[in-house]
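Here is the file upload.txt (compact mmCIF, C-alpha atoms).
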# COMPACT_ATOMS: atom_id res chain seq x y z
CA MET A 1 75.97 69.81 47.26
CA THR A 2 77.69 67.53 49.81
CA LYS A 3 78.79 63.96 49.12
CA THR A 4 76.54 62.75 51.96
CA ASN A 5 73.47 64.35 50.41
CA LEU A 6 74.28 62.91 46.98
CA THR A 7 74.64 59.45 48.53
CA LEU A 8 71.29 59.77 50.30
CA PHE A 9 69.63 60.96 47.11
CA GLY A 10 71.07 58.08 45.09
CA SER A 11 70.00 55.47 47.64
CA ALA A 12 66.46 56.82 47.78
CA LEU A 13 66.27 56.97 43.99
CA LEU A 14 67.26 53.31 43.73
CA LEU A 15 64.52 52.34 46.16
CA LEU A 16 61.93 54.23 44.14
CA CYS A 17 63.06 52.48 40.95
CA MET A 18 62.43 49.00 42.35
CA PRO A 19 59.78 47.11 40.33
CA LEU A 20 56.85 47.22 42.72
CA ALA A 21 53.22 46.92 41.75
CA ALA A 22 51.24 49.87 43.02
CA HIS A 23 53.17 52.87 41.75
CA ALA A 24 51.25 56.15 41.76
CA ASP A 25 50.17 57.78 38.53
CA GLY A 26 46.58 58.70 39.19
CA ARG A 27 46.27 62.33 40.27
CA ILE A 28 46.59 65.43 38.10
CA LYS A 29 50.15 66.63 37.49
CA GLY A 30 51.30 69.12 40.11
CA THR A 31 48.78 68.18 42.79
CA GLY A 32 51.52 66.63 44.94
CA GLY A 33 53.52 69.84 45.01
CA VAL A 34 57.31 69.67 45.17
CA SER A 35 59.59 68.92 48.14
CA SER A 36 60.08 71.47 50.90
CA ILE A 37 63.38 72.00 52.72
CA SER A 38 62.00 69.83 55.54
CA GLY A 39 61.26 66.95 53.14
CA ALA A 40 57.47 67.22 53.26
CA GLY A 41 55.42 67.66 50.11
CA GLY A 42 54.51 71.27 49.38
CA GLY A 43 56.51 74.28 48.32
CA GLY A 44 60.13 75.16 49.02
CA LEU A 45 60.00 76.96 52.36
CA THR A 46 56.85 75.34 53.71
CA PRO A 47 54.89 72.09 53.58
CA TRP A 48 51.44 72.33 52.01
CA ALA A 49 48.17 70.47 52.52
CA VAL A 50 49.16 68.04 49.76
CA LEU A 51 50.80 64.64 49.93
CA THR A 52 53.92 63.95 47.89
CA SER A 53 53.72 62.11 44.54
CA HIS A 54 50.53 61.51 42.54
CA SER A 55 49.08 58.51 44.37
CA THR A 56 45.32 58.11 44.59
CA ARG A 57 43.43 56.47 47.42
CA GLU A 58 44.19 53.08 45.85
CA GLU A 59 47.94 53.57 45.36
CA TRP A 60 51.21 54.42 47.05
CA GLY A 61 53.87 56.78 45.77
CA GLY A 62 57.15 58.39 46.65
CA SER A 63 59.59 61.16 45.85
CA VAL A 64 63.28 61.99 46.22
CA PHE A 65 64.85 65.43 45.99
CA LEU A 66 67.99 67.54 46.12
CA THR A 67 67.89 71.22 47.07
CA THR A 68 70.43 73.99 47.43
CA ALA A 69 69.88 77.53 48.71
CA ASN A 70 72.69 80.05 48.37
CA VAL A 71 72.36 83.40 50.15
CA ASP A 72 74.92 86.10 50.92
CA ASP A 73 76.75 84.50 53.84
CA PHE A 74 75.41 80.94 53.98
CA THR A 75 74.44 77.91 51.92
CA LEU A 76 71.88 75.22 52.71
CA ASP A 77 72.03 71.82 50.99
CA VAL A 78 69.22 69.34 51.51
CA ALA A 79 68.55 65.78 50.36
CA GLY A 80 65.54 63.70 51.24
CA ALA A 81 62.63 61.50 50.33
CA GLY A 82 58.92 61.14 50.97
CA PHE A 83 56.43 58.26 50.91
CA ASN A 84 52.68 58.57 50.33
CA TYR A 85 50.34 55.74 51.29
CA LYS A 86 46.95 55.84 49.53
CA ASP A 87 46.78 59.64 49.57
CA ARG A 88 46.20 59.52 53.32
CA ILE A 89 49.57 59.34 55.10
CA GLU A 90 52.90 60.89 54.17
CA VAL A 91 56.23 60.05 55.82
CA SER A 92 59.29 62.13 54.92
CA TYR A 93 62.96 62.52 55.75
CA ALA A 94 65.47 65.29 55.04
CA ARG A 95 69.15 65.81 55.82
CA GLN A 96 70.10 69.49 55.95
CA ASN A 97 73.69 70.74 55.75
CA PHE A 98 74.08 74.44 56.54
CA THR A 99 77.45 76.04 55.73
CA ILE A 100 78.84 79.34 57.03
CA LYS A 101 80.84 80.75 54.13
CA ALA A 102 83.22 82.86 56.25
CA ASN A 103 84.87 79.89 57.95
CA ASP A 104 83.38 76.89 56.10
CA ALA A 105 81.82 75.67 59.35
CA ARG A 106 78.89 73.30 58.93
CA ILE A 107 75.74 72.51 60.89
CA SER A 108 73.75 69.39 60.01
CA GLN A 109 70.34 68.22 61.12
CA ASP A 110 67.89 65.43 60.36
CA ILE A 111 64.17 66.08 59.96
CA VAL A 112 61.58 63.31 60.08
CA GLY A 113 58.07 64.28 59.05
CA LEU A 114 54.60 62.78 59.30
CA LYS A 115 51.50 64.15 57.60
CA TYR A 116 47.88 62.91 57.71
CA ARG A 117 45.05 64.02 55.43
CA LEU A 118 42.07 64.74 57.66
CA ALA A 119 39.39 65.81 55.21
CA GLY A 120 38.47 67.41 51.93
CA ASP A 121 39.99 67.44 48.47
CA LEU A 122 42.37 69.80 46.71
CA LEU A 123 40.21 70.15 43.60
CA TYR A 124 36.75 68.70 44.15
CA GLY A 125 33.85 69.08 46.57
CA THR A 126 33.02 71.88 48.96
CA VAL A 127 35.67 71.20 51.63
CA PRO A 128 39.31 72.19 50.95
CA GLN A 129 42.02 69.66 51.64
CA ILE A 130 43.04 69.71 55.31
CA VAL A 131 46.04 67.94 56.83
CA ILE A 132 47.82 67.81 60.16
CA GLY A 133 51.54 67.27 60.32
CA ALA A 134 54.59 67.03 62.54
CA GLU A 135 58.30 67.52 61.89
CA HIS A 136 60.95 66.34 64.35
CA HIS A 137 64.31 68.13 64.15
CA SER A 138 67.50 66.59 65.53
CA LEU A 139 70.84 68.41 65.30
CA ARG A 140 73.92 66.39 64.40
CA ASP A 141 76.14 69.36 65.30
CA PRO A 142 74.70 70.84 68.51
CA ALA A 143 77.66 73.00 69.61
CA THR A 144 76.57 76.17 67.81
CA ALA A 145 73.00 75.94 69.10
CA ARG A 146 74.25 75.60 72.66
CA ALA A 147 76.68 78.48 72.21
CA VAL A 148 73.94 80.91 71.13
CA GLY A 149 71.68 79.96 74.04
CA ALA A 150 69.18 77.49 72.59
CA ARG A 151 67.34 75.51 75.23
CA LYS A 152 67.29 72.27 73.23
CA THR A 153 69.13 70.74 70.29
CA HIS A 154 66.06 68.87 69.12
CA GLY A 155 62.36 69.62 68.92
CA THR A 156 59.10 68.92 67.15
CA ASP A 157 56.95 71.30 65.11
CA VAL A 158 53.26 70.53 64.61
CA TYR A 159 50.99 72.21 62.09
CA VAL A 160 47.59 72.21 60.47
CA SER A 161 47.40 73.05 56.79
CA THR A 162 44.61 73.71 54.32
CA ALA A 163 44.80 74.08 50.55
CA ARG A 164 42.47 74.62 47.62
CA ALA A 165 43.04 74.70 43.86
CA TRP A 166 40.68 76.26 41.35
CA ILE A 167 40.95 75.01 37.76
CA ASP A 168 39.38 78.23 36.47
CA GLY A 169 41.28 80.65 38.72
CA ILE A 170 43.25 83.84 38.08
CA ALA A 171 43.17 84.73 34.36
CA ASN A 172 41.39 81.42 33.78
CA ARG A 173 44.49 79.55 34.96
CA THR A 174 44.63 76.85 37.61
CA THR A 175 45.33 78.67 40.87
CA MET A 176 46.25 77.27 44.28
CA LEU A 177 46.25 78.77 47.77
CA ASN A 178 47.69 77.18 50.92
CA VAL A 179 47.69 78.36 54.54
CA ASN A 180 49.45 76.75 57.53
CA LEU A 181 49.32 77.40 61.25
CA ARG A 182 52.46 76.00 62.89
CA TYR A 183 53.42 75.52 66.54
CA SER A 184 57.20 75.75 66.77
CA THR A 185 60.06 76.86 69.00
CA ALA A 186 62.69 76.30 66.29
CA ASN A 187 65.49 78.81 65.75
CA GLN A 188 66.35 79.25 62.05
CA PHE A 189 64.40 76.16 60.94
CA GLY A 190 65.93 74.21 63.86
CA LEU A 191 69.54 74.72 62.71
CA LEU A 192 70.19 76.81 65.84
CA GLY A 193 68.20 74.52 68.10
CA HIS A 194 64.88 75.19 69.79
CA GLY A 195 63.86 77.79 72.35
CA GLY A 196 65.99 80.38 74.08
CA ASP A 197 66.20 83.11 76.69
CA ASP A 198 63.71 85.44 74.99
CA MET A 199 60.87 83.22 73.83
CA GLY A 200 58.76 84.77 71.10
CA SER A 201 55.47 83.55 69.67
CA ARG A 202 55.10 79.80 69.32
CA LEU A 203 52.31 80.08 66.73
CA HIS A 204 53.40 80.93 63.21
CA LEU A 205 51.45 81.69 60.05
CA GLU A 206 52.63 80.37 56.70
CA ALA A 207 51.06 81.00 53.31
CA ALA A 208 51.67 80.13 49.67
CA ALA A 209 50.02 80.78 46.33
CA GLY A 210 50.72 79.52 42.84
CA VAL A 211 49.34 79.92 39.32
CA PHE A 212 49.81 77.47 36.43
CA LEU A 213 50.85 79.58 33.46
CA THR A 214 50.80 76.38 31.40
CA ARG A 215 50.24 72.74 32.32
CA SER A 216 53.95 72.45 33.04
CA LEU A 217 54.95 75.87 34.42
CA VAL A 218 53.92 77.29 37.79
CA VAL A 219 54.80 80.64 39.35
CA GLY A 220 54.08 81.67 42.91
CA ALA A 221 55.28 82.92 46.27
CA GLU A 222 55.58 81.74 49.87
CA TYR A 223 55.75 83.38 53.29
CA ARG A 224 56.96 81.75 56.49
CA HIS A 225 56.88 83.43 59.89
CA LYS A 226 59.66 82.26 62.19
CA SER A 227 60.43 82.25 65.90
CA ASP A 228 62.53 84.95 67.58
CA ASN A 229 63.71 83.26 70.76
CA LEU A 230 67.33 84.40 71.21
CA SER A 231 68.03 87.83 72.68
CA ALA A 232 71.50 87.93 71.13
CA LEU A 233 70.34 87.06 67.60
CA ASN A 234 67.45 88.58 65.72
CA GLU A 235 65.34 86.31 63.51
CA GLU A 236 63.01 87.42 60.73
CA SER A 237 60.38 85.90 58.47
CA ALA A 238 61.33 84.15 55.22
CA THR A 239 59.81 84.64 51.76
CA ASP A 240 60.36 83.35 48.26
CA VAL A 241 59.16 83.90 44.70
CA PHE A 242 59.36 80.70 42.68
CA VAL A 243 58.93 79.14 39.27
CA ALA A 244 58.47 75.38 38.96
CA TRP A 245 58.79 73.37 35.77
CA LEU A 246 56.96 70.04 35.69
CA PRO A 247 57.61 68.41 32.31
CA SER A 248 56.05 65.14 33.53
CA LYS A 249 54.64 63.51 36.64
CA ARG A 250 58.06 61.96 37.25
CA PHE A 251 60.30 65.02 37.39
CA SER A 252 60.29 68.68 38.42
CA VAL A 253 62.71 71.57 38.76
CA THR A 254 62.02 74.53 41.03
CA ALA A 255 63.98 77.79 41.08
CA ALA A 256 63.35 80.72 43.39
CA TRP A 257 64.58 84.00 44.75
CA VAL A 258 64.64 83.74 48.55
CA ASP A 259 64.82 86.27 51.36
CA LEU A 260 65.67 84.60 54.66
CA GLY A 261 66.03 87.85 56.60
CA GLU A 262 68.66 88.10 59.31
CA ILE A 263 70.55 84.91 60.18
CA ALA A 264 72.92 84.71 63.18
CA GLY A 265 73.60 88.44 63.11
CA ALA A 266 74.08 88.65 59.33
CA ALA A 267 71.36 90.91 57.89
CA ASP A 268 69.48 90.74 54.60
CA GLN A 269 70.26 87.19 53.56
CA THR A 270 68.92 86.94 50.02
CA GLY A 271 69.86 84.70 47.12
CA PHE A 272 68.69 81.81 44.97
CA TYR A 273 67.14 78.43 45.55
CA LEU A 274 67.20 75.41 43.23
CA SER A 275 65.55 72.02 43.73
CA ILE A 276 65.11 68.90 41.62
CA GLN A 277 62.62 66.16 42.42
CA GLY A 278 61.96 62.68 41.09
CA THR A 279 58.54 61.16 41.73
CA LEU A 280 57.06 57.70 41.50
Could you take the file, read its structure, and then write that structure out as structure tokens?
Amino acid sequence: MTKTNLTLFGSALLLLCMPLAAHADGRIKGTGGVSSISGAGGGGLTPWAVLTSHSTREEWGGSVFLTTANVDDFTLDVAGAGFNYKDRIEVSYARQNFTIKANDARISQDIVGLKYRLAGDLLYGTVPQIVIGAEHHSLRDPATARAVGARKTHGTDVYVSTARAWIDGIANRTTMLNVNLRYSTANQFGLLGHGGDDMGSRLHLEAAAGVFLTRSLVVGAEYRHKSDNLSALNEESATDVFVAWLPSKRFSVTAAWVDLGEIAGAADQTGFYLSIQGTL
């Protein structure tokens, strides 16, 4: 984990610890998800149709997180924070630092996210929870993206997401399902810029499912379809299988096995993922 990411995490944590009046504690534990690699509330690889923290429609809440993913030839370190206003609007930020192990070269980008709950509820009523969201990517180190033929070194993804949780789901356990449809031209999550000389599909399907084995332990999986815009570099979908431990509403730890497919000509990039989150 880089010194910059630790500094960002510490600063955000101090802000969350300030003695303000309307801290969130109202919703059921786990209904805010964890923090994705883009900073938005959800899973690890993808945002979900949930808003970070446990704030109700009368409260605000926030979260901070640190994440590391270590695959065969690369590492990805992420630090960020999210803010939830009255369970309606989420604003998030993440700093990603991607390291190439062979030469210790690094690519960094900032991601600013916005999410708005349109309708429905995760647990109650007949309509599932539906949100729309946007994530703006801006590379701090654009040279690699330009070298591989990316059209832009910044870009914005937009998505619509829907989620539903059933308290009496699989094996009588609380079960959650989430589906996203994303419009994106990002190469490797935006780390290699946006667009290219061989533009693939701009619409991407993402899905996630999780089951609460206990009130504090969740297992599940995610799938994220990615762009394939560069003729010189193949890009494949990403998947993970995760376990999340939520001992309280204030803290969570998520571990996963991840398969990121081919990255920058290096095939079969698999490894582990670990994330910690503090929530207010």
Calculate how many Å separate atom CA of Ala81 of chain A from atom CA of Leu191 of chain A, rounding to one decimal.
->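 Atom CA of Leu191 of chain A lies at a distance of 19.4 Å from atom CA of Ala81 of chain A.
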Please produce, as CSV, a per-residue contact table for segment 149-253 of chain A versus segment 46-59 of chain A (criterion: any atom at most 8 Å away, all atoms listed in the file considered), showing the nearest atom pair and its distance in Å to one decimal, sorted by chain then residue number.
residue,atom,partner,partner_atom,distance
A:Ser161,CA,A:Ala49,CA,5.0
A:Thr162,CA,A:Ala49,CA,5.1
A:Ala163,CA,A:Ala49,CA,5.3
A:Asn178,CA,A:Trp48,CA,6.2
A:Val179,CA,A:Trp48,CA,7.5
A:Asn180,CA,A:Trp48,CA,7.3
A:Glu206,CA,A:Thr46,CA,7.2
A:Glu222,CA,A:Thr46,CA,7.6
A:Arg224,CA,A:Thr46,CA,7.0
A:Lys249,CA,A:His54,CA,7.5
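The space between atom CA of Ile28 of chain A and atom CA of Ala165 of chain A spans 11.5 Å.
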Residues near segment 97-104 of chain A, cut-off 10 Å, all atoms listed in the file, skip fewer than 3 positions along chain, as a count of residues only = 24
Any idea what the distance is between atom CA of Gly82 of chain A and atom CA of Gln96 of chain A?
->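 Result for atom CA of Gly82 of chain A versus atom CA of Gln96 of chain A: 14.8 Å, one decimal.
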Between A:Phe251, A:Trp166, A:Tyr273, A:Tyr183, which one has atoms that come closest to Gly210 of chain A, using only C-alpha atoms?
-> A:Trp166
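Of the residues listed (A:Gly62, A:Gly265, A:Gly196, A:Gly169), A:Gly196 shows the shortest atom-to-atom separation from Ser231 of chain A; distances use all atoms listed in the file.
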